[in-house]
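*Asks:* Sending over target_34.txt (compact mmCIF, C-alpha atoms).
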# COMPACT_ATOMS: atom_id res chain seq x y z
CA MET A 1 25.96 25.91 -41.64
CA ALA A 2 29.36 26.01 -39.97
CA SER A 3 29.57 24.18 -36.66
CA VAL A 4 30.77 25.90 -33.50
CA SER A 5 33.10 23.92 -31.29
CA GLY A 6 33.19 24.17 -27.53
CA ARG A 7 33.25 22.21 -24.32
CA ARG A 8 31.40 21.83 -21.04
CA LYS A 9 32.85 23.35 -17.91
CA SER A 10 31.80 22.47 -14.39
CA LEU A 11 30.61 25.24 -12.13
CA SER A 12 33.40 26.36 -9.83
CA PRO A 13 32.62 26.56 -6.08
CA PRO A 14 32.25 30.38 -6.18
CA ARG A 15 29.87 30.14 -9.15
CA ARG A 16 27.83 27.50 -7.30
CA LEU A 17 27.72 29.88 -4.34
CA ILE A 18 26.24 32.66 -6.47
CA CYS A 19 23.78 30.27 -8.12
CA ASP A 20 22.59 29.04 -4.72
CA LEU A 21 22.30 32.61 -3.43
CA LEU A 22 20.19 33.70 -6.40
CA ARG A 23 17.93 30.68 -6.08
CA ALA A 24 17.35 31.40 -2.39
CA SER A 25 16.58 35.04 -3.23
CA SER A 26 14.36 34.47 -6.26
CA LYS A 27 11.03 34.58 -4.39
CA ILE A 28 11.75 37.63 -2.24
CA PRO A 29 9.62 40.65 -3.31
CA ILE A 30 12.41 43.20 -3.54
CA ILE A 31 11.49 46.88 -3.89
CA THR A 32 14.14 49.49 -4.72
CA PHE A 33 14.12 53.08 -3.47
CA GLU A 34 16.67 55.62 -4.71
CA ARG A 35 17.79 58.91 -3.21
CA ARG A 36 20.25 61.39 -4.69
CA MET A 37 22.57 62.34 -1.86
CA ASP A 38 24.94 65.25 -1.50
CA LEU A 39 28.01 63.62 0.03
CA SER A 40 30.43 66.45 -0.73
CA PRO A 41 31.36 66.75 2.99
CA VAL A 42 32.32 63.06 2.95
CA VAL A 43 34.38 63.54 -0.21
CA ALA A 44 36.16 66.49 1.42
CA ALA A 45 36.82 64.57 4.64
CA ARG A 46 38.24 61.58 2.74
CA ALA A 47 40.60 63.95 0.95
CA CYS A 48 41.93 65.14 4.32
CA VAL A 49 42.93 61.74 5.68
CA SER A 50 46.14 59.98 4.81
CA ARG A 51 44.40 56.62 4.45
CA ALA A 52 40.82 57.13 3.36
CA PRO A 53 38.29 54.43 4.28
CA SER A 54 36.60 52.80 1.31
CA TRP A 55 33.12 53.98 0.44
CA ALA A 56 31.79 50.50 1.18
CA LEU A 57 32.97 50.75 4.78
CA LEU A 58 31.53 54.24 5.18
CA PHE A 59 28.14 52.94 4.07
CA VAL A 60 28.48 49.89 6.34
CA LYS A 61 29.20 52.02 9.40
CA ALA A 62 26.55 54.63 8.57
CA PHE A 63 23.81 52.10 7.83
CA GLY A 64 24.70 50.23 11.02
CA LEU A 65 24.10 53.45 12.95
CA VAL A 66 20.76 53.99 11.20
CA ALA A 67 19.69 50.38 11.80
CA ALA A 68 20.53 50.68 15.51
CA ARG A 69 17.86 53.40 15.71
CA ARG A 70 15.35 51.83 13.30
CA GLN A 71 14.34 48.35 14.37
CA GLU A 72 12.58 47.57 11.08
CA LEU A 73 16.02 47.49 9.43
CA ARG A 74 17.04 44.62 11.73
CA ARG A 75 14.06 42.41 10.92
CA ALA A 76 13.75 39.41 8.63
CA TYR A 77 10.75 37.59 7.22
CA LEU A 78 10.72 33.86 7.93
CA PRO A 79 8.07 31.58 6.38
CA LEU A 80 8.47 28.64 8.77
CA PRO A 81 7.13 27.12 10.96
CA TRP A 82 4.59 29.88 10.19
CA PRO A 83 5.09 33.30 8.55
CA HIS A 84 6.62 35.68 11.09
CA LEU A 85 9.21 38.40 11.56
CA TRP A 86 12.42 37.96 13.53
CA GLU A 87 14.23 41.00 14.91
CA ALA A 88 17.96 41.01 15.60
CA ASP A 89 19.29 42.84 18.63
CA ALA A 90 22.21 44.16 16.57
CA SER A 91 23.09 44.47 12.91
CA SER A 92 25.50 42.30 10.96
CA ALA A 93 26.83 43.60 7.66
CA SER A 94 27.56 41.42 4.65
CA VAL A 95 30.11 43.10 2.38
CA ALA A 96 30.73 41.91 -1.17
CA VAL A 97 34.46 41.50 -1.90
CA GLU A 98 35.96 40.54 -5.24
CA ARG A 99 38.82 38.05 -5.06
CA GLU A 100 40.60 35.77 -7.48
CA TYR A 101 40.17 32.09 -6.71
CA GLN A 102 41.88 29.41 -8.77
CA GLY A 103 42.41 31.84 -11.63
CA GLU A 104 38.80 33.09 -11.67
CA PRO A 105 37.44 36.46 -10.45
CA CYS A 106 34.88 35.68 -7.76
CA VAL A 107 32.68 37.38 -5.18
CA PHE A 108 32.87 36.46 -1.52
CA PHE A 109 31.03 38.00 1.41
CA GLY A 110 32.74 39.29 4.51
CA LEU A 111 30.66 39.58 7.69
CA VAL A 112 31.07 42.11 10.47
CA THR A 113 28.78 42.21 13.51
CA SER A 114 27.65 45.46 15.11
CA PRO A 115 29.50 47.68 12.61
CA GLU A 116 28.05 50.79 14.27
CA THR A 117 30.15 50.10 17.40
CA ARG A 118 33.45 49.58 15.58
CA PRO A 119 35.88 52.37 14.69
CA LEU A 120 36.54 52.89 11.00
CA SER A 121 40.17 51.87 11.55
CA GLU A 122 39.03 48.42 12.71
CA LEU A 123 36.69 48.05 9.75
CA MET A 124 39.54 49.01 7.42
CA GLU A 125 41.70 46.25 8.89
CA LYS A 126 38.93 43.72 8.30
CA LEU A 127 38.48 44.80 4.69
CA GLU A 128 42.23 44.62 4.12
CA ASP A 129 42.22 41.05 5.44
CA TRP A 130 39.30 40.12 3.16
CA ARG A 131 41.13 41.57 0.17
CA THR A 132 44.62 40.26 0.77
CA LYS A 133 44.72 37.17 3.00
CA PRO A 134 44.59 33.74 1.35
CA VAL A 135 40.95 32.84 0.78
CA HIS A 136 41.12 29.71 2.96
CA GLU A 137 42.43 31.74 5.92
CA ILE A 138 39.21 33.79 6.11
CA SER A 139 36.55 31.85 8.01
CA ASN A 140 33.50 33.19 6.14
CA PHE A 141 35.10 32.53 2.75
CA ARG A 142 36.29 29.08 3.79
CA ARG A 143 32.83 28.13 5.05
CA SER A 144 31.21 29.33 1.81
CA LEU A 145 33.57 27.22 -0.27
CA ARG A 146 32.95 24.20 1.93
CA TYR A 147 29.17 24.48 1.55
CA ALA A 148 29.54 25.06 -2.20
CA SER A 149 31.42 21.75 -2.48
CA TYR A 150 28.43 19.75 -1.19
CA PRO A 151 26.11 17.90 -3.60
CA LEU A 152 23.26 19.93 -5.11
CA LEU A 153 20.45 18.48 -2.96
CA ALA A 154 22.46 18.94 0.23
CA ARG A 155 23.17 22.56 -0.67
CA ARG A 156 19.52 23.26 -1.39
CA PHE A 157 18.50 21.79 1.96
CA LEU A 158 21.10 23.86 3.83
CA TRP A 159 20.05 27.09 2.11
CA TRP A 160 16.38 26.34 2.78
CA TYR A 161 17.10 25.64 6.44
CA ALA A 162 19.33 28.70 6.89
CA THR A 163 16.91 31.16 5.28
CA SER A 164 13.49 29.85 6.32
CA TRP A 165 13.38 28.72 9.94
CA PHE A 166 15.60 30.58 12.39
CA GLY A 167 16.48 34.27 12.27
CA LYS A 168 19.60 33.73 14.36
CA VAL A 169 20.91 31.15 11.88
CA LYS A 170 20.15 33.43 8.95
CA ALA A 171 21.86 36.43 10.55
CA ARG A 172 24.92 34.39 11.56
CA ASN A 173 25.43 33.05 8.04
CA PHE A 174 24.31 35.95 5.87
CA GLY A 175 24.08 39.07 8.05
CA THR A 176 21.13 41.42 8.46
CA PHE A 177 21.99 43.83 5.63
CA GLY A 178 24.29 43.83 2.63
CA VAL A 179 26.53 46.36 0.89
CA SER A 180 27.81 45.89 -2.65
CA LEU A 181 29.52 48.82 -4.37
CA THR A 182 30.96 48.81 -7.88
CA GLY A 183 30.73 52.53 -8.65
CA ALA A 184 34.50 52.93 -8.51
CA SER A 185 34.68 50.86 -11.70
CA GLY A 186 32.38 53.30 -13.48
CA ALA A 187 29.23 51.14 -13.53
CA THR A 188 26.66 49.91 -11.05
CA ALA A 189 23.65 47.64 -10.80
CA THR A 190 20.19 49.20 -10.67
CA ASN A 191 18.88 46.30 -8.61
CA LEU A 192 20.33 43.77 -6.18
CA ILE A 193 18.99 40.29 -5.48
CA CYS A 194 19.95 38.83 -2.13
CA PRO A 195 18.33 36.82 0.69
CA LEU A 196 18.51 39.74 3.16
CA THR A 197 15.83 42.24 4.14
CA THR A 198 17.90 45.23 3.04
CA SER A 199 20.91 45.84 0.83
CA LEU A 200 22.66 48.97 -0.38
CA ASN A 201 24.48 50.04 -3.50
CA CYS A 202 25.14 53.35 -5.19
CA GLY A 203 26.03 54.84 -8.53
CA VAL A 204 29.19 56.62 -9.58
CA ILE A 205 30.10 59.47 -7.23
CA GLN A 206 30.08 62.69 -9.24
CA PRO A 207 32.76 65.41 -9.04
CA ASP A 208 30.39 67.61 -6.99
CA GLY A 209 29.90 64.82 -4.43
CA THR A 210 26.39 63.83 -5.46
CA VAL A 211 25.53 60.15 -5.87
CA ASP A 212 22.40 58.05 -6.32
CA VAL A 213 22.09 55.64 -3.39
CA ARG A 214 19.69 52.70 -3.62
CA LEU A 215 18.07 50.77 -0.80
CA HIS A 216 16.68 47.39 -1.88
CA PHE A 217 14.27 45.94 0.66
CA ASP A 218 11.90 43.06 1.28
CA HIS A 219 8.40 44.54 1.06
CA ARG A 220 7.07 41.82 3.38
CA VAL A 221 9.12 43.34 6.19
CA MET A 222 8.81 47.09 5.65
CA ASP A 223 6.99 49.66 3.54
CA GLY A 224 8.04 52.56 1.37
CA MET A 225 7.94 55.44 3.84
CA PRO A 226 10.23 53.77 6.41
CA ALA A 227 12.63 53.02 3.55
CA ALA A 228 12.54 56.64 2.39
CA ARG A 229 13.17 57.89 5.93
CA ALA A 230 16.05 55.43 6.35
CA LEU A 231 17.74 56.78 3.22
CA ALA A 232 17.32 60.36 4.43
CA GLU A 233 18.82 59.46 7.80
CA LEU A 234 21.63 57.57 6.09
CA GLU A 235 22.60 60.73 4.19
CA GLU A 236 22.55 62.78 7.39
CA VAL A 237 24.69 60.23 9.27
CA LEU A 238 27.24 60.13 6.46
CA ARG A 239 27.47 63.93 6.34
CA THR A 240 27.80 64.38 10.11
CA GLU A 241 28.78 61.41 12.29
CA ILE A 242 30.92 59.65 9.69
CA VAL A 243 32.68 62.87 8.67
CA ALA A 244 33.33 63.70 12.33
CA GLU A 245 34.84 60.29 12.98
CA MET A 246 37.18 60.52 9.99
CA LEU A 247 38.38 64.00 10.98
CA ASN A 248 38.74 63.06 14.66
CA GLU A 249 40.89 60.04 13.77
CA THR A 250 43.08 62.31 11.65
CA VAL A 251 43.55 64.75 14.55
CA THR A 252 44.27 61.89 16.95
CA ARG A 253 46.97 60.46 14.69
CA ALA A 254 48.53 63.88 14.26
CA VAL A 255 48.73 64.33 18.05
CA GLU A 256 50.20 60.84 18.51
CA VAL A 257 53.06 61.54 16.08
CA GLY A 258 53.61 65.05 17.49
CA VAL A 259 52.55 67.03 14.43
Show me, as structure tokens, the structure contained in the file I just sent.

*Replies:*
Amino acid sequence: MASVSGRRKSLSPPRRLICDLLRASSKIPIITFERRMDLSPVVAARACVSRAPSWALLFVKAFGLVAARRQELRRAYLPLPWPHLWEADASSASVAVEREYQGEPCVFFGLVTSPETRPLSELMEKLEDWRTKPVHEISNFRRSLRYASYPLLARRFLWWYATSWFGKVKARNFGTFGVSLTGASGATATNLICPLTTSLNCGVIQPDGTVDVRLHFDHRVMDGMPAARALAELEEVLRTEIVAEMLNETVTRAVEVGV
């Protein structure tokens, strides 16, 4: 039998980050609910603006608005010092961003607090920074790389501490909900594994504006009917409040330039 040559390669810091994240998420009982949404008004509104916000930001803002009204979406299960729920006063969104780091495509996570209170223009500036600034100039990315450089046992202790004891620590480091969209590339995951109570992704947006949106949630924190209602409200917010904000910003810019 012919031999196959090869070599060992050490895990890069971003790969260690993903490995640690998956290990911390492995015991969370994630349930996935899916809703087919008609987002044709959002598609039409994006076509009317000169600089359309990314779909990820639209979902971040819309889910932040829903979570502000639904306290179960701001809760986290913590096993220590005894099993309990912790409820955040405001949401914090964790947004997956692909970057190249030392010649390797990697995923980092940008954090934005209270996204429901921020205009889309501000969120767009944050996303542009996450996508274009040097990795070490972005505090969340720099902190992730620093933690990923620690020895294995130290990393495991830090992840255990940050996800098990204090809700405030967990929210500050990881957010209260996550958004990870890859539909623009033509493919999407049917499930997401993360250490948060809720995370969102969606399929490929169809020409008629329909798309399958998935809410992945920790069943220890919430049940199916609240999740179903949250998805329905998310669709309504996207079709109304988010569309209105995009169109209002377009009108405002036109007035400012004297069009």

*Asks:* Point out the residue among A:Leu85, A:Ala76, A:Leu58, A:Leu152 with the least atom-to-atom distance to Pro115 in chain A, counting all atoms listed in the file.

*Replies:*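 Closest candidate: A:Leu58.
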
*Asks:* Under the rule of at most 12 Å, produce a per-residue listing of range 192-244 of chain A near range 60-75 of chain A: chain, number, name, the closest pair of atoms, and the distance in Å, as a Markdown table, using all atoms listed in the file.

*Replies:*
| residue | atom | partner | partner_atom | distance |
| --- | --- | --- | --- | --- |
| A:Leu196 | CA | A:Arg75 | CA | 9.3 |
| A:Thr197 | CA | A:Arg75 | CA | 7.0 |
| A:Thr198 | CA | A:Leu73 | CA | 7.0 |
| A:Ser199 | CA | A:Phe63 | CA | 9.8 |
| A:Leu200 | CA | A:Phe63 | CA | 8.9 |
| A:Asn201 | CA | A:Val60 | CA | 10.6 |
| A:Val213 | CA | A:Phe63 | CA | 11.9 |
| A:Leu215 | CA | A:Phe63 | CA | 10.4 |
| A:His216 | CA | A:Leu73 | CA | 11.3 |
| A:Phe217 | CA | A:Leu73 | CA | 9.1 |
| A:Asp218 | CA | A:Arg75 | CA | 9.9 |
| A:His219 | CA | A:Glu72 | CA | 11.3 |
| A:Arg220 | CA | A:Arg75 | CA | 10.3 |
| A:Val221 | CA | A:Arg75 | CA | 6.9 |
| A:Met222 | CA | A:Glu72 | CA | 6.6 |
| A:Asp223 | CA | A:Glu72 | CA | 9.6 |
| A:Gly224 | CA | A:Glu72 | CA | 11.8 |
| A:Met225 | CA | A:Glu72 | CA | 11.7 |
| A:Pro226 | CA | A:Glu72 | CA | 8.1 |
| A:Ala227 | CA | A:Leu73 | CA | 8.8 |
| A:Arg229 | CA | A:Arg70 | CA | 9.8 |
| A:Ala230 | CA | A:Val66 | CA | 6.9 |
| A:Leu231 | CA | A:Phe63 | CA | 8.9 |
| A:Ala232 | CA | A:Val66 | CA | 9.9 |
| A:Glu233 | CA | A:Val66 | CA | 6.7 |
| A:Leu234 | CA | A:Phe63 | CA | 6.1 |
| A:Glu235 | CA | A:Ala62 | CA | 8.5 |
| A:Glu236 | CA | A:Ala62 | CA | 9.2 |
| A:Val237 | CA | A:Ala62 | CA | 5.9 |
| A:Leu238 | CA | A:Ala62 | CA | 5.9 |
| A:Arg239 | CA | A:Ala62 | CA | 9.6 |
| A:Thr240 | CA | A:Ala62 | CA | 9.9 |
| A:Glu241 | CA | A:Ala62 | CA | 8.0 |
| A:Ile242 | CA | A:Ala62 | CA | 6.7 |
| A:Val243 | CA | A:Ala62 | CA | 10.3 |
| A:Ala244 | CA | A:Ala62 | CA | 11.9 |

*Asks:* Go ahead and compute the interatomic distance for CA of Leu78 in chain A and CA of Phe109 in chain A, in Å to one decimal.

*Replies:*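 Taking CA of Leu78 in chain A and CA of Phe109 in chain A, their separation equals 21.7 Å.
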
*Asks:* Box time for range 101-118 of chain A: axis-aligned, enclosing all its listed atoms, 6 Å extra on each side; report centre and edge lengths in Å to one decimal, as lines of an AutoDock Vina configuration file.

*Replies:*
center_x = 35.0
center_y = 40.1
center_z = 2.9
size_x = 26.8
size_y = 33.4
size_z = 41.1

*Asks:* Nearest to Trp159 in chain A among A:Trp55, A:Leu127, A:Tyr77, A:Asp20, with distances taken over only C-alpha atoms: which residue is it?

*Replies:*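 Smallest distance to Trp159 in chain A is found for A:Asp20.
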
*Asks:* Quick one, how far is CA of Val179 in chain A from CA of Ala56 in chain A?

*Replies:*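 Distance between the two atoms: 6.7 Å.
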
*Asks:* Suppose you want the space between CA of Trp165 in chain A and CA of Pro79 in chain A; what is it in Å?

*Replies:*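 Atom-to-atom, CA of Trp165 in chain A and CA of Pro79 in chain A are spaced 7.0 Å apart.
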
*Asks:* If you count only C-alpha atoms, which residues fall within 12 Å of Leu11 in chain A, apart from same-chain ones fewer than 5 positions away, as a PyMOL selection string?

*Replies:* chain A and resi 16-20+104+148-149+152

*Asks:* Applying 12 Å and only C-alpha atoms, which residues near Ser164 in chain A remain after dropping the ones on its own chain fewer than 2 positions away? List them as a PyMOL selection string.

*Replies:* chain A and resi 24-25+27-28+76-86+156-162+166-171+195-196

*Asks:* Missing atoms in range 84-96 of chain A need filling: write out N, CA and C atoms for it as an mmCIF file, in the frame of the given file.

*Replies:*
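Saved to part17.cif:
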data_model
loop_
_atom_site.group_PDB
_atom_site.id
_atom_site.type_symbol
_atom_site.label_atom_id
_atom_site.label_comp_id
_atom_site.auth_asym_id
_atom_site.auth_seq_id
_atom_site.Cartn_x
_atom_site.Cartn_y
_atom_site.Cartn_z
ATOM 1 N N HIS A 84 6.400 34.770 9.976
ATOM 2 C CA HIS A 84 6.620 35.680 11.090
ATOM 3 C C HIS A 84 7.852 36.531 10.810
ATOM 4 N N LEU A 85 8.029 37.564 11.623
ATOM 5 C CA LEU A 85 9.210 38.400 11.560
ATOM 6 C C LEU A 85 10.128 38.078 12.733
ATOM 7 N N TRP A 86 11.419 38.138 12.471
ATOM 8 C CA TRP A 86 12.420 37.960 13.530
ATOM 9 C C TRP A 86 13.255 39.228 13.570
ATOM 10 N N GLU A 87 13.496 39.747 14.766
ATOM 11 C CA GLU A 87 14.230 41.000 14.910
ATOM 12 C C GLU A 87 15.550 40.771 15.638
ATOM 13 N N ALA A 88 16.638 41.144 15.000
ATOM 14 C CA ALA A 88 17.960 41.010 15.600
ATOM 15 C C ALA A 88 18.206 42.127 16.595
ATOM 16 N N ASP A 89 18.936 41.824 17.647
ATOM 17 C CA ASP A 89 19.290 42.840 18.630
ATOM 18 C C ASP A 89 20.341 43.802 18.098
ATOM 19 N N ALA A 90 21.162 43.331 17.155
ATOM 20 C CA ALA A 90 22.210 44.160 16.570
ATOM 21 C C ALA A 90 22.369 43.781 15.101
ATOM 22 N N SER A 91 22.903 44.696 14.333
ATOM 23 C CA SER A 91 23.090 44.470 12.910
ATOM 24 C C SER A 91 24.329 43.616 12.636
ATOM 25 N N SER A 92 24.324 42.996 11.468
ATOM 26 C CA SER A 92 25.500 42.300 10.960
ATOM 27 C C SER A 92 25.576 42.595 9.471
ATOM 28 N N ALA A 93 26.691 43.162 9.043
ATOM 29 C CA ALA A 93 26.830 43.600 7.660
ATOM 30 C C ALA A 93 27.511 42.537 6.811
ATOM 31 N N SER A 94 26.956 42.307 5.637
ATOM 32 C CA SER A 94 27.560 41.420 4.650
ATOM 33 C C SER A 94 28.133 42.306 3.533
ATOM 34 N N VAL A 95 29.434 42.220 3.320
ATOM 35 C CA VAL A 95 30.110 43.100 2.380
ATOM 36 C C VAL A 95 30.667 42.278 1.215
ATOM 37 N N ALA A 96 30.252 42.617 0.012
ATOM 38 C CA ALA A 96 30.730 41.910 -1.170
ATOM 39 C C ALA A 96 32.177 42.299 -1.461
#
